[in-house]
$ cat query-v5.txt   # compact mmCIF, C-alpha atoms and all ligand atoms
# COMPACT_ATOMS: atom_id res chain seq x y z
CA VAL A 1 -36.39 -11.78 -6.05
CA THR A 2 -33.29 -13.90 -6.27
CA GLY A 3 -34.65 -17.06 -7.87
CA SER A 4 -32.86 -17.96 -11.06
CA SER A 5 -34.53 -21.30 -11.47
CA VAL A 6 -36.15 -21.13 -14.85
CA ARG A 7 -37.57 -24.50 -15.67
CA PRO A 8 -36.07 -26.26 -18.64
CA PRO A 9 -38.08 -25.70 -21.83
CA LEU A 10 -41.20 -27.80 -21.70
CA ALA A 11 -40.34 -30.90 -23.62
CA GLY A 12 -42.52 -33.85 -24.40
CA ASP A 13 -45.01 -34.50 -27.09
CA TYR A 14 -48.22 -32.71 -27.93
CA ARG A 15 -50.13 -35.85 -28.82
CA GLN A 16 -53.18 -35.17 -26.65
CA ALA A 17 -53.39 -31.52 -27.68
CA ASP A 18 -53.15 -32.51 -31.33
CA ARG A 19 -55.86 -35.15 -30.86
CA TRP A 20 -58.31 -32.68 -29.31
CA THR A 21 -57.48 -30.08 -31.93
CA GLU A 22 -58.25 -32.58 -34.67
CA ARG A 23 -61.56 -33.65 -33.10
CA ALA A 24 -62.56 -30.03 -32.44
CA ALA A 25 -61.92 -29.04 -36.05
CA ARG A 26 -65.06 -30.94 -37.07
CA VAL A 27 -67.50 -29.72 -34.43
CA ASP A 28 -66.19 -26.71 -32.53
CA ALA A 29 -66.85 -23.44 -34.33
CA ARG A 30 -64.70 -21.53 -31.88
CA ALA A 31 -61.73 -23.87 -32.30
CA ARG A 32 -62.16 -23.96 -36.08
CA THR A 33 -62.02 -20.20 -36.36
CA ARG A 34 -59.17 -19.58 -33.96
CA GLY A 35 -55.52 -20.69 -34.10
CA ASP A 36 -53.34 -20.47 -31.02
CA ILE A 37 -55.70 -19.07 -28.40
CA VAL A 38 -53.30 -16.40 -27.18
CA LEU A 39 -51.10 -15.63 -30.17
CA GLY A 40 -53.36 -16.61 -33.06
CA SER A 41 -50.64 -18.77 -34.60
CA ALA A 42 -50.53 -22.54 -35.18
CA ALA A 43 -51.23 -24.81 -32.21
CA GLY A 44 -48.59 -27.17 -30.87
CA THR A 45 -45.93 -25.03 -29.24
CA GLY A 46 -45.72 -22.25 -26.69
CA TYR A 47 -49.10 -21.63 -25.13
CA PRO A 48 -51.25 -24.62 -24.25
CA ARG A 49 -54.56 -25.05 -26.04
CA TYR A 50 -56.40 -27.58 -23.91
CA LEU A 51 -55.98 -27.68 -20.14
CA ALA A 52 -56.58 -30.75 -18.01
CA ARG A 53 -56.76 -28.98 -14.67
CA ALA A 54 -55.87 -25.91 -12.64
CA ALA A 55 -55.00 -25.48 -8.95
CA GLY A 56 -53.65 -22.48 -7.06
CA SER A 57 -51.29 -20.56 -9.35
CA GLN A 58 -50.64 -23.55 -11.63
CA VAL A 59 -52.31 -25.11 -14.64
CA TRP A 60 -51.61 -28.41 -16.42
CA ASP A 61 -52.18 -29.04 -20.11
CA VAL A 62 -53.61 -32.26 -21.50
CA ASP A 63 -50.09 -33.57 -22.24
CA GLY A 64 -49.05 -33.13 -18.62
CA ARG A 65 -46.99 -29.94 -18.88
CA GLN A 66 -47.24 -27.58 -15.90
CA TYR A 67 -47.32 -23.78 -16.13
CA VAL A 68 -47.39 -20.86 -13.70
CA ASP A 69 -50.54 -19.01 -14.74
CA PHE A 70 -50.63 -15.22 -14.64
CA LEU A 71 -53.78 -15.05 -16.79
CA ILE A 72 -56.00 -16.71 -14.15
CA GLY A 73 -58.95 -16.66 -16.54
CA TYR A 74 -58.40 -12.95 -17.36
CA GLY A 75 -58.74 -12.08 -13.70
CA PRO A 76 -61.39 -14.15 -11.92
CA ALA A 77 -59.30 -16.67 -9.93
CA ILE A 78 -58.18 -14.06 -7.39
CA LEU A 79 -57.67 -16.62 -4.61
CA GLY A 80 -56.05 -19.11 -6.98
CA HIS A 81 -57.64 -21.80 -9.11
CA ALA A 82 -59.95 -24.30 -7.41
CA HIS A 83 -59.76 -22.62 -4.01
CA PRO A 84 -60.96 -25.38 -1.64
CA GLU A 85 -63.35 -23.25 0.48
CA VAL A 86 -64.94 -21.60 -2.55
CA ALA A 87 -65.21 -24.90 -4.40
CA ALA A 88 -66.80 -26.52 -1.34
CA ALA A 89 -69.31 -23.68 -0.93
CA ALA A 90 -70.36 -23.91 -4.59
CA ALA A 91 -70.54 -27.70 -4.58
CA GLY A 92 -72.44 -27.77 -1.28
CA SER A 93 -75.03 -25.39 -2.63
CA ALA A 94 -75.26 -27.19 -5.99
CA ALA A 95 -76.02 -30.43 -4.18
CA GLY A 96 -79.23 -28.78 -3.02
CA GLY A 97 -80.34 -27.92 -6.58
CA VAL A 98 -78.73 -25.78 -9.23
CA CYS A 99 -81.50 -24.00 -11.07
CA ILE A 100 -84.44 -22.72 -9.04
CA ALA A 101 -85.84 -19.99 -11.31
CA PRO A 102 -88.27 -18.28 -11.22
CA PHE A 103 -87.89 -18.47 -7.41
CA TRP A 104 -85.13 -16.92 -5.37
CA SER A 105 -82.66 -18.17 -2.82
CA PRO A 106 -82.06 -16.31 0.45
CA LEU A 107 -78.39 -16.29 -0.68
CA GLN A 108 -79.38 -13.63 -3.21
CA VAL A 109 -80.36 -11.25 -0.42
CA GLU A 110 -77.29 -12.13 1.63
CA LEU A 111 -74.99 -11.47 -1.33
CA LEU A 112 -76.60 -8.14 -2.19
CA GLU A 113 -76.36 -7.14 1.48
CA LEU A 114 -72.67 -8.05 1.43
CA LEU A 115 -72.11 -6.05 -1.79
CA ALA A 116 -73.87 -3.09 -0.16
CA GLU A 117 -71.45 -3.46 2.77
CA VAL A 118 -68.19 -3.64 0.78
CA ILE A 119 -68.85 -1.61 -2.41
CA PRO A 120 -69.26 2.14 -1.84
CA HIS A 121 -72.68 3.63 -2.68
CA ALA A 122 -74.18 0.23 -3.60
CA GLU A 123 -77.65 1.25 -2.47
CA ARG A 124 -79.24 -1.43 -4.62
CA GLY A 125 -78.00 -4.23 -6.86
CA MET A 126 -78.99 -6.98 -9.26
CA LEU A 127 -77.25 -10.27 -9.99
CA LEU A 128 -76.52 -11.62 -13.44
CA LYS A 129 -74.09 -14.13 -14.93
CA THR A 130 -71.46 -12.51 -17.17
CA GLY A 131 -69.75 -9.18 -17.52
CA SER A 132 -71.41 -8.64 -20.90
CA ASP A 133 -74.79 -9.26 -19.21
CA ALA A 134 -74.01 -6.70 -16.55
CA THR A 135 -72.63 -3.90 -18.74
CA SER A 136 -75.59 -4.35 -21.11
CA ALA A 137 -78.03 -4.21 -18.19
CA ALA A 138 -76.34 -1.04 -16.92
CA VAL A 139 -76.74 0.56 -20.35
CA ARG A 140 -80.42 -0.45 -20.49
CA LEU A 141 -81.06 1.04 -17.04
CA ALA A 142 -79.19 4.24 -17.94
CA ARG A 143 -81.26 4.59 -21.10
CA ILE A 144 -84.50 4.22 -19.17
CA HIS A 145 -83.39 6.57 -16.41
CA THR A 146 -82.23 9.37 -18.73
CA GLY A 147 -84.68 8.81 -21.60
CA ARG A 148 -81.67 8.96 -23.93
CA ASP A 149 -80.36 6.36 -26.42
CA GLU A 150 -76.69 6.99 -27.06
CA VAL A 151 -73.65 5.64 -25.23
CA ILE A 152 -69.97 6.55 -25.03
CA HIS A 153 -67.62 3.87 -23.83
CA CYS A 154 -63.91 3.30 -23.14
CA GLY A 155 -62.27 -0.10 -23.08
CA TYR A 156 -63.58 -3.60 -23.68
CA ASN A 157 -66.98 -3.84 -22.00
CA GLY A 158 -68.24 -7.13 -23.43
CA TRP A 159 -69.40 -8.60 -26.70
CA HIS A 160 -73.01 -7.39 -26.92
CA ASP A 161 -74.16 -5.21 -29.81
CA TRP A 162 -74.18 -1.89 -27.95
CA SER A 163 -70.48 -2.11 -27.11
CA GLN A 164 -69.40 -3.15 -30.63
CA PRO A 165 -65.91 -4.47 -30.01
CA PHE A 166 -66.17 -5.74 -33.59
CA SER A 167 -68.39 -4.12 -36.16
CA THR A 168 -69.26 -7.17 -38.28
CA GLY A 169 -72.71 -8.53 -37.50
CA VAL A 170 -73.88 -5.35 -35.78
CA PRO A 171 -76.41 -3.28 -37.77
CA GLY A 172 -75.26 0.21 -38.74
CA GLN A 173 -78.20 1.80 -36.89
CA VAL A 174 -77.07 0.12 -33.66
CA ARG A 175 -73.43 1.06 -34.17
CA GLU A 176 -74.41 4.70 -34.62
CA LEU A 177 -75.73 4.79 -31.06
CA THR A 178 -72.33 4.02 -29.51
CA ALA A 179 -69.07 5.95 -29.64
CA SER A 180 -65.87 4.12 -28.66
CA VAL A 181 -63.20 6.36 -27.20
CA ARG A 182 -59.61 5.36 -26.43
CA TYR A 183 -59.14 5.32 -22.67
CA GLY A 184 -57.47 8.40 -21.22
CA SER A 185 -58.29 10.91 -23.95
CA LEU A 186 -60.36 13.56 -22.18
CA ALA A 187 -60.28 15.83 -25.26
CA GLU A 188 -61.71 13.06 -27.46
CA LEU A 189 -64.41 12.36 -24.87
CA GLU A 190 -65.35 16.06 -24.79
CA ARG A 191 -65.60 16.05 -28.59
CA GLN A 192 -67.86 12.98 -28.56
CA PHE A 193 -70.18 14.52 -25.95
CA ALA A 194 -70.27 17.79 -27.93
CA ARG A 195 -71.26 15.86 -31.06
CA ARG A 196 -74.19 14.29 -29.20
CA PRO A 197 -75.74 17.16 -27.21
CA GLY A 198 -78.40 15.91 -24.77
CA ARG A 199 -78.38 12.44 -26.34
CA VAL A 200 -75.88 10.41 -24.25
CA ALA A 201 -77.42 8.16 -21.60
CA CYS A 202 -74.14 7.08 -20.04
CA LEU A 203 -70.39 6.97 -20.17
CA VAL A 204 -69.28 3.39 -19.58
CA THR A 205 -65.60 3.11 -18.77
CA VAL A 206 -63.03 0.84 -17.22
CA PRO A 207 -61.27 2.74 -14.41
CA PHE A 208 -57.87 2.27 -16.10
CA GLU A 209 -56.21 0.17 -18.76
CA ASP A 210 -52.66 -1.22 -18.55
CA GLU A 211 -51.00 1.87 -17.10
CA VAL A 212 -51.21 3.76 -13.82
CA ILE A 213 -53.48 6.79 -14.32
CA PRO A 214 -52.82 10.40 -13.24
CA ALA A 215 -54.43 11.56 -10.01
CA GLY A 216 -57.87 13.02 -10.63
CA GLN A 217 -58.36 11.39 -14.04
CA LEU A 218 -61.28 9.19 -13.06
CA ALA A 219 -62.99 12.05 -11.21
CA ALA A 220 -62.62 14.16 -14.37
CA LEU A 221 -64.39 11.45 -16.42
CA ALA A 222 -67.25 11.33 -13.91
CA GLU A 223 -67.55 15.12 -13.94
CA LEU A 224 -67.61 15.24 -17.72
CA ALA A 225 -70.39 12.63 -17.89
CA HIS A 226 -72.48 14.45 -15.29
CA ALA A 227 -71.89 17.87 -16.88
CA ASN A 228 -73.47 16.39 -20.02
CA GLY A 229 -76.43 14.90 -18.15
CA ALA A 230 -75.15 11.34 -18.62
CA LEU A 231 -74.71 8.66 -15.99
CA PHE A 232 -71.21 7.54 -15.04
CA VAL A 233 -70.96 3.75 -15.24
CA LEU A 234 -67.76 2.18 -13.97
CA ASP A 235 -66.95 -1.19 -15.51
CA GLU A 236 -65.09 -2.84 -12.66
CA MET A 237 -65.02 -6.33 -14.10
CA ARG A 238 -61.24 -6.47 -13.68
CA SER A 239 -60.59 -3.95 -10.89
CA ALA A 240 -63.31 -4.83 -8.38
CA PHE A 241 -62.26 -6.79 -5.28
CA ARG A 242 -58.67 -6.40 -6.48
CA MET A 243 -57.55 -2.76 -6.21
CA THR A 244 -59.23 -2.73 -2.81
CA LEU A 245 -62.17 -4.75 -1.58
CA GLY A 246 -64.34 -1.76 -2.53
CA GLY A 247 -62.78 -1.53 -5.99
CA ALA A 248 -61.79 1.53 -7.98
CA GLN A 249 -64.35 3.79 -6.29
CA SER A 250 -62.55 3.37 -2.95
CA PHE A 251 -59.07 3.33 -4.45
CA PHE A 252 -59.48 6.54 -6.48
CA GLY A 253 -62.07 8.25 -4.27
CA VAL A 254 -64.73 8.60 -6.98
CA ARG A 255 -68.42 7.85 -7.04
CA ALA A 256 -70.13 6.12 -9.96
CA ASP A 257 -73.88 6.01 -10.61
CA LEU A 258 -73.63 2.34 -11.49
CA VAL A 259 -70.80 -0.14 -11.01
CA VAL A 260 -70.41 -3.42 -12.89
CA LEU A 261 -68.89 -6.30 -10.90
CA GLY A 262 -67.92 -9.87 -11.79
CA LYS A 263 -64.82 -11.97 -12.39
CA ALA A 264 -63.00 -11.97 -9.01
CA MET A 265 -66.36 -11.67 -7.22
CA ALA A 266 -66.75 -15.47 -7.06
CA ASN A 267 -63.20 -16.63 -7.84
CA GLY A 268 -64.28 -17.68 -11.32
CA HIS A 269 -67.77 -19.05 -10.73
CA PRO A 270 -70.11 -17.40 -13.24
CA ILE A 271 -71.84 -14.49 -11.58
CA SER A 272 -71.86 -10.73 -12.13
CA ALA A 273 -73.70 -7.76 -10.68
CA VAL A 274 -74.77 -4.19 -11.30
CA VAL A 275 -74.84 -2.09 -8.14
CA GLY A 276 -75.27 1.60 -7.43
CA ARG A 277 -77.91 4.30 -7.18
CA GLY A 278 -81.25 3.03 -5.99
CA ASP A 279 -83.28 5.31 -8.28
CA VAL A 280 -81.41 4.00 -11.33
CA LEU A 281 -81.56 0.33 -10.32
CA ASP A 282 -85.28 0.71 -9.64
CA CYS A 283 -85.76 1.33 -13.39
CA LEU A 284 -85.55 -2.47 -13.55
CA GLY A 285 -89.30 -2.39 -12.85
CA ARG A 286 -89.85 -0.82 -16.28
CA THR A 287 -88.06 -3.46 -18.37
CA LYS A 288 -87.24 -7.16 -18.42
CA ILE A 289 -83.70 -8.34 -17.75
CA SER A 290 -83.82 -11.97 -16.75
CA SER A 291 -82.35 -15.40 -17.35
CA SER A 292 -83.13 -18.99 -16.42
CA TYR A 293 -79.80 -18.91 -14.57
CA PHE A 294 -79.72 -15.56 -12.74
CA ALA A 295 -81.17 -17.13 -9.58
CA ASN A 296 -78.72 -20.07 -9.40
CA PRO A 297 -77.58 -20.14 -5.77
CA SER A 298 -74.29 -22.05 -6.12
CA GLU A 299 -72.48 -19.10 -7.73
CA MET A 300 -73.91 -16.89 -4.98
CA ALA A 301 -72.45 -19.26 -2.39
CA ALA A 302 -69.09 -19.03 -4.20
CA ALA A 303 -69.32 -15.22 -4.20
CA LEU A 304 -70.22 -15.00 -0.51
CA THR A 305 -67.25 -17.20 0.37
CA THR A 306 -64.81 -15.40 -1.95
CA ILE A 307 -65.72 -11.91 -0.77
CA GLY A 308 -65.68 -13.12 2.85
CA ILE A 309 -62.13 -14.45 2.43
CA LEU A 310 -60.99 -11.23 0.74
CA ARG A 311 -62.54 -9.20 3.57
CA ASP A 312 -61.38 -11.32 6.49
CA THR A 313 -57.86 -12.42 5.50
CA ASP A 314 -54.70 -10.72 4.25
CA ALA A 315 -55.26 -12.05 0.69
CA LEU A 316 -55.29 -8.56 -0.86
CA THR A 317 -52.14 -7.52 1.03
CA THR A 318 -50.44 -10.65 -0.30
CA ILE A 319 -51.58 -9.87 -3.85
CA TRP A 320 -50.24 -6.32 -3.66
CA ARG A 321 -46.93 -7.44 -2.12
CA THR A 322 -46.42 -10.14 -4.76
CA GLY A 323 -47.35 -7.70 -7.53
CA GLU A 324 -44.92 -5.07 -6.22
CA LEU A 325 -42.16 -7.68 -6.23
CA PHE A 326 -43.06 -8.62 -9.79
CA ILE A 327 -43.02 -5.02 -11.03
CA ALA A 328 -39.70 -4.30 -9.29
CA GLY A 329 -38.23 -7.43 -10.91
CA LEU A 330 -39.59 -6.41 -14.33
CA ARG A 331 -38.01 -2.96 -14.02
CA GLU A 332 -34.69 -4.49 -13.11
CA LEU A 333 -34.91 -6.95 -16.02
CA VAL A 334 -35.74 -4.24 -18.56
CA ALA A 335 -32.72 -2.21 -17.44
CA ARG A 336 -30.37 -5.19 -17.34
CA ALA A 337 -31.44 -6.72 -20.68
CA GLY A 338 -31.94 -3.39 -22.45
CA LEU A 339 -35.42 -4.46 -23.58
CA PRO A 340 -37.42 -1.81 -25.49
CA ALA A 341 -40.23 -2.16 -22.94
CA ALA A 342 -41.51 -0.78 -19.65
CA ALA A 343 -42.95 -2.36 -16.53
CA VAL A 344 -46.37 -0.77 -16.09
CA GLY A 345 -49.59 -1.13 -14.14
CA TYR A 346 -50.83 -1.44 -10.60
CA PRO A 347 -49.29 -4.31 -8.61
CA PRO A 348 -52.38 -6.57 -8.76
CA MET A 349 -52.35 -6.20 -12.58
CA PRO A 350 -48.77 -5.77 -13.77
CA PHE A 351 -47.69 -5.76 -17.42
CA LEU A 352 -44.56 -5.52 -19.53
CA ALA A 353 -45.45 -3.10 -22.32
CA PHE A 354 -43.15 -3.17 -25.35
CA ASP A 355 -42.48 0.17 -27.03
CA ALA A 356 -44.91 1.17 -29.77
CA GLY A 357 -42.52 0.56 -32.67
CA VAL A 358 -41.64 -3.04 -31.72
CA PRO A 359 -43.19 -5.46 -34.25
CA ALA A 360 -45.95 -7.69 -32.86
CA GLY A 361 -44.16 -10.73 -34.31
CA ALA A 362 -41.10 -10.12 -32.12
CA VAL A 363 -43.28 -9.58 -29.02
CA HIS A 364 -45.18 -12.79 -29.71
CA ALA A 365 -41.96 -14.76 -30.27
CA PHE A 366 -40.70 -13.39 -26.94
CA TYR A 367 -43.81 -14.47 -25.02
CA ARG A 368 -43.90 -17.82 -26.79
CA ARG A 369 -40.45 -18.50 -25.30
CA VAL A 370 -41.76 -17.50 -21.87
CA ALA A 371 -44.66 -19.94 -22.28
CA GLU A 372 -42.27 -22.66 -23.46
CA ALA A 373 -40.36 -22.13 -20.20
CA GLY A 374 -43.57 -22.88 -18.30
CA VAL A 375 -44.94 -19.42 -17.47
CA LEU A 376 -48.15 -18.03 -18.95
CA LEU A 377 -47.99 -14.26 -19.49
CA HIS A 378 -50.19 -12.52 -22.03
CA PRO A 379 -48.43 -10.50 -24.74
CA ASP A 380 -51.27 -8.02 -25.28
CA HIS A 381 -53.27 -7.90 -22.07
CA GLN A 382 -52.44 -6.95 -18.48
CA TRP A 383 -51.60 -9.90 -16.22
CA PHE A 384 -53.26 -10.81 -12.93
CA VAL A 385 -51.70 -11.71 -9.59
CA SER A 386 -53.68 -13.98 -7.28
CA ALA A 387 -53.31 -14.67 -3.57
CA ALA A 388 -51.99 -18.11 -4.54
CA HIS A 389 -48.99 -16.75 -6.44
CA THR A 390 -45.78 -17.09 -4.45
CA GLU A 391 -42.43 -15.35 -4.53
CA ASP A 392 -41.17 -18.49 -6.25
CA ASP A 393 -43.79 -18.08 -9.02
CA VAL A 394 -42.56 -14.51 -9.53
CA ALA A 395 -38.95 -15.71 -9.58
CA ARG A 396 -39.86 -18.32 -12.20
CA ALA A 397 -41.62 -15.72 -14.32
CA LEU A 398 -38.66 -13.32 -14.13
CA ALA A 399 -36.23 -16.10 -14.98
CA ALA A 400 -38.35 -17.16 -17.97
CA LEU A 401 -38.54 -13.54 -19.12
CA ALA A 402 -34.77 -13.16 -18.73
CA THR A 403 -34.18 -16.26 -20.86
CA ALA A 404 -36.58 -14.96 -23.52
CA ALA A 405 -34.82 -11.58 -23.41
CA GLU A 406 -31.56 -13.25 -24.45
CA SER A 407 -33.16 -14.28 -27.76
CA PHE A 408 -35.04 -11.03 -28.24
CA PRO A 409 -32.49 -9.37 -30.55
CA ALA A 410 -32.71 -12.41 -32.88
CA ASP A 411 -36.53 -12.36 -32.74
CA LEU A 412 -36.50 -8.67 -33.57
CA ALA A 413 -34.11 -9.16 -36.48
CA GLY A 414 -36.36 -11.93 -37.78
CA CYS A 415 -39.28 -9.51 -37.95
CA SER A 416 -37.67 -6.55 -39.66
C1 LIG B 1 -63.62 -4.67 -18.32
C2 LIG B 1 -64.48 -5.79 -18.84
N1 LIG B 1 -65.80 -5.58 -19.02
C3 LIG B 1 -66.61 -6.55 -19.47
C4 LIG B 1 -66.11 -7.79 -19.79
C5 LIG B 1 -67.03 -8.84 -20.31
O1 LIG B 1 -67.18 -9.83 -19.34
P1 LIG B 1 -67.63 -11.31 -19.75
O2 LIG B 1 -66.49 -11.89 -20.56
O3 LIG B 1 -67.85 -12.02 -18.46
O4 LIG B 1 -68.89 -11.19 -20.56
C6 LIG B 1 -64.75 -8.05 -19.62
C7 LIG B 1 -64.19 -9.36 -19.96
O5 LIG B 1 -63.02 -9.59 -20.07
C8 LIG B 1 -63.90 -7.02 -19.14
O6 LIG B 1 -62.60 -7.21 -18.95
$ encode --input "query-v5.txt" --output "structure tokens"
Amino acid sequence: VTGSSVRPPLAGDYRQADRWTERAARVDARARTRGDIVLGSAAGTGYPRYLARAAGSQVWDVDGRQYVDFLIGYGPAILGHAHPEVAAAAAGSAAGGVCIAPFWSPLQVELLELLAEVIPHAERGMLLKTGSDATSAAVRLARIHTGRDEVIHCGYNGWHDWSQPFSTGVPGQVRELTASVRYGSLAELERQFARRPGRVACLVTVPFEDEVIPAGQLAALAELAHANGALFVLDEMRSAFRMTLGGAQSFFGVRADLVVLGKAMANGHPISAVVGRGDVLDCLGRTKISSSYFANPSEMAAALTTIGILRDTDALTTIWRTGELFIAGLRELVARAGLPAAAVGYPPMPFLAFDAGVPAGAVHAFYRRVAEAGVLLHPDHQWFVSAAHTEDDVARALAALATAAESFPADLAGCS
């Protein structure tokens, strides 16, 4: 990447953002309880708060500033924001009625057939709306199938009570049923299983976090779950349709009992799925997991179009190539600027991880400068490359990072 064209810092006023922030403070519980959405600091500089629109790899805030977006909704917009074919498929279907529950659309069958074609071992599947819906449904099915109550999980798997990302508001008795284990610690997982002999229904895990994992790691997790009589549930909300069309199962050569899909499945339209072993999915007949919205066909139309494009075009090759370019540029930047950080991750989900001892304040100041230069990169969460990102977007990101790196020593000094 040779581009050196960092945009000038985003000038202009924040009048519209301030206006919406003021109005929201009265009525919007989420806005009232959260400062800067990404950094948690005061609104008004750095990251945008309210967006007016998004297209391709770009987003525009309500005051007209334009940013290159490497968050893409935490992963969903894999083809780029507002992809015309996907948008047209969803809108075309919506024009024929949005909510048809309790009846079903033939699109439901077509989509589950397509998932069975592209996701390994997807003998059966069910469609839901969100990732939290789908991981919670997988846990319910695993509990029914095994007759056990307890769960071990790694990573963020949604906000519902069983996964307890935060403990406030979740009864102690519910919290006791779930053990959270840091991803990658096989010894800690073994200890947790040993503490719960014959009681764990499933291990729910993301296939990897920010970093590339050692060969055989995922297979070892699956083996450990099975050795303890638990189901192996792979939470592929971020990795599915991105690592390969078939997701982490194909990429790492593992087999899960259940796989949770969503996000990139419909390029951002709200739909998720649980797929996997037929005998486990058939436990659905012994419980009720339903919603007024599960049968909405327009998201199914979006998913059919998105998966079709990923299958039939070179979109995934483009994503990998762009991501490889990004990671190579990050490595070069770290070496050149002497940043206490490392370029990590798989090309579709790259990340610049600062060393453990670097104060969060300095990292946040660094990324705020990157955002002020018109590039959205998350300080604490892996980034996502879409098929709409270009070499020029990567060049802009690297140039913004290089500019921020120049001020990093001062930011660091300000924090110590
Ligand atoms: C790995 C993983 N699982 C589950 C979820 C929850 O999905 P949702 O936000 O759609 O409920 C997320 C969301 O970021 C996720 O990254």
$ closest_residue --input "query-v5.txt" --among "A:Ile72, A:Ala335, A:Met300, A:Ile309" --to "ligand LIG 1 (chain B)" --atoms "only C-alpha atoms and all ligand atoms"
A:Ile72
$ closest_residue --input "query-v5.txt" --among "A:Pro297, A:Gly80, A:Gly96, A:Gly268" --to "ligand LIG 1 (chain B)" --atoms "all atoms listed in the file"
A:Gly268
$ residues_near_ligand --input "query-v5.txt" --ligand "ligand LIG 1 (chain B)" --cutoff "9 Å" --atoms "only C-alpha atoms and all ligand atoms" --output "PyMOL selection string"
chain A and resi 73-75+129-135+155-160+205-207+209+235-239+260-263+270-272
$ atom_distance --input "query-v5.txt" --atom1 "atom CA of Asp314 of chain A" --atom2 "atom CA of Phe241 of chain A"
12.8 Å
$ closest_residue --input "query-v5.txt" --among "A:Gly35, A:Gly172, A:Pro48, A:Gly247" --to "Glu372 of chain A" --atoms "only C-alpha atoms"
A:Pro48
$ closest_residue --input "query-v5.txt" --among "A:Ala77, A:Ala353, A:Ala397, A:Val259" --to "Phe326 of chain A" --atoms "all atoms listed in the file"
A:Ala397
$ residues_around --input "query-v5.txt" --residues "Gly97 of chain A" --least-positions-apart "2" --cutoff "12 Å" --atoms "only C-alpha atoms" --output "JSON, numbers by chain"
{"A": [90, 91, 92, 93, 94, 95, 99, 100, 101, 105, 295, 296, 297, 298, 299]}
$ closest_residue --input "query-v5.txt" --among "A:Gly184, A:Arg140, A:Leu284, A:Gly46" --to "Tyr367 of chain A" --atoms "only C-alpha atoms"
A:Gly46
$ closest_residue --input "query-v5.txt" --among "A:Gly414, A:Thr317, A:Pro106, A:Phe366" --to "Leu39 of chain A" --atoms "all atoms listed in the file"
A:Phe366
$ residues_around --input "query-v5.txt" --residues "Val86 of chain A" --least-positions-apart "4" --cutoff "7 Å" --atoms "only C-alpha atoms" --output "list in words"
Ala90, Ala302, Thr305 and Thr306 of chain A
$ write_last_selection --input "query-v5.txt" --atoms "C-alpha atoms" --output "PDB file, keeping the file's coordinate frame"
ATOM      1  CA  ALA A  90     -70.360 -23.910  -4.590  1.00  0.00           C
ATOM      2  CA  ALA A 302     -69.090 -19.030  -4.200  1.00  0.00           C
ATOM      3  CA  THR A 305     -67.250 -17.200   0.370  1.00  0.00           C
ATOM      4  CA  THR A 306     -64.810 -15.400  -1.950  1.00  0.00           C
TER       5      THR A 306
END
$ atom_distance --input "query-v5.txt" --atom1 "atom CA of Met126 of chain A" --atom2 "atom CA of Ala89 of chain A"
21.0 Å
$ residues_around --input "query-v5.txt" --residues "segment 319-324 of chain A" --least-positions-apart "5" --cutoff "12 Å" --atoms "only C-alpha atoms" --output "ChimeraX atom specification"
/A:1,70,77-80,241-245,310,313-314,329-331,343-351,383-395,397
$ atom_distance --input "query-v5.txt" --atom1 "atom CA of Glu223 of chain A" --atom2 "atom CA of Val280 of chain A"
18.0 Å
$ residues_around --input "query-v5.txt" --residues "Glu117 of chain A" --least-positions-apart "6" --cutoff "10 Å" --atoms "all atoms listed in the file" --output "compact mmCIF listing (two decimals) with C-alpha atoms, in the frame of the given file"
# COMPACT_ATOMS: atom_id res chain seq x y z
CA LEU A 111 -74.99 -11.47 -1.33
CA GLU A 123 -77.65 1.25 -2.47
CA GLY A 246 -64.34 -1.76 -2.53
$ residues_around --input "query-v5.txt" --residues "Ala337 of chain A" --least-positions-apart "4" --cutoff "12 Å" --atoms "only C-alpha atoms" --output "PyMOL selection string"
chain A and resi 329-333+341-342+398-399+401-409
$ write_last_selection --input "query-v5.txt" --atoms "C-alpha atoms" --output "PDB file, in the coordinates of the input"
ATOM      1  CA  GLY A 329     -38.230  -7.430 -10.910  1.00  0.00           C
ATOM      2  CA  LEU A 330     -39.590  -6.410 -14.330  1.00  0.00           C
ATOM      3  CA  ARG A 331     -38.010  -2.960 -14.020  1.00  0.00           C
ATOM      4  CA  GLU A 332     -34.690  -4.490 -13.110  1.00  0.00           C
ATOM      5  CA  LEU A 333     -34.910  -6.950 -16.020  1.00  0.00           C
ATOM      6  CA  ALA A 341     -40.230  -2.160 -22.940  1.00  0.00           C
ATOM      7  CA  ALA A 342     -41.510  -0.780 -19.650  1.00  0.00           C
ATOM      8  CA  LEU A 398     -38.660 -13.320 -14.130  1.00  0.00           C
ATOM      9  CA  ALA A 399     -36.230 -16.100 -14.980  1.00  0.00           C
ATOM     10  CA  LEU A 401     -38.540 -13.540 -19.120  1.00  0.00           C
ATOM     11  CA  ALA A 402     -34.770 -13.160 -18.730  1.00  0.00           C
ATOM     12  CA  THR A 403     -34.180 -16.260 -20.860  1.00  0.00           C
ATOM     13  CA  ALA A 404     -36.580 -14.960 -23.520  1.00  0.00           C
ATOM     14  CA  ALA A 405     -34.820 -11.580 -23.410  1.00  0.00           C
ATOM     15  CA  GLU A 406     -31.560 -13.250 -24.450  1.00  0.00           C
ATOM     16  CA  SER A 407     -33.160 -14.280 -27.760  1.00  0.00           C
ATOM     17  CA  PHE A 408     -35.040 -11.030 -28.240  1.00  0.00           C
ATOM     18  CA  PRO A 409     -32.490  -9.370 -30.550  1.00  0.00           C
TER      19      PRO A 409
END
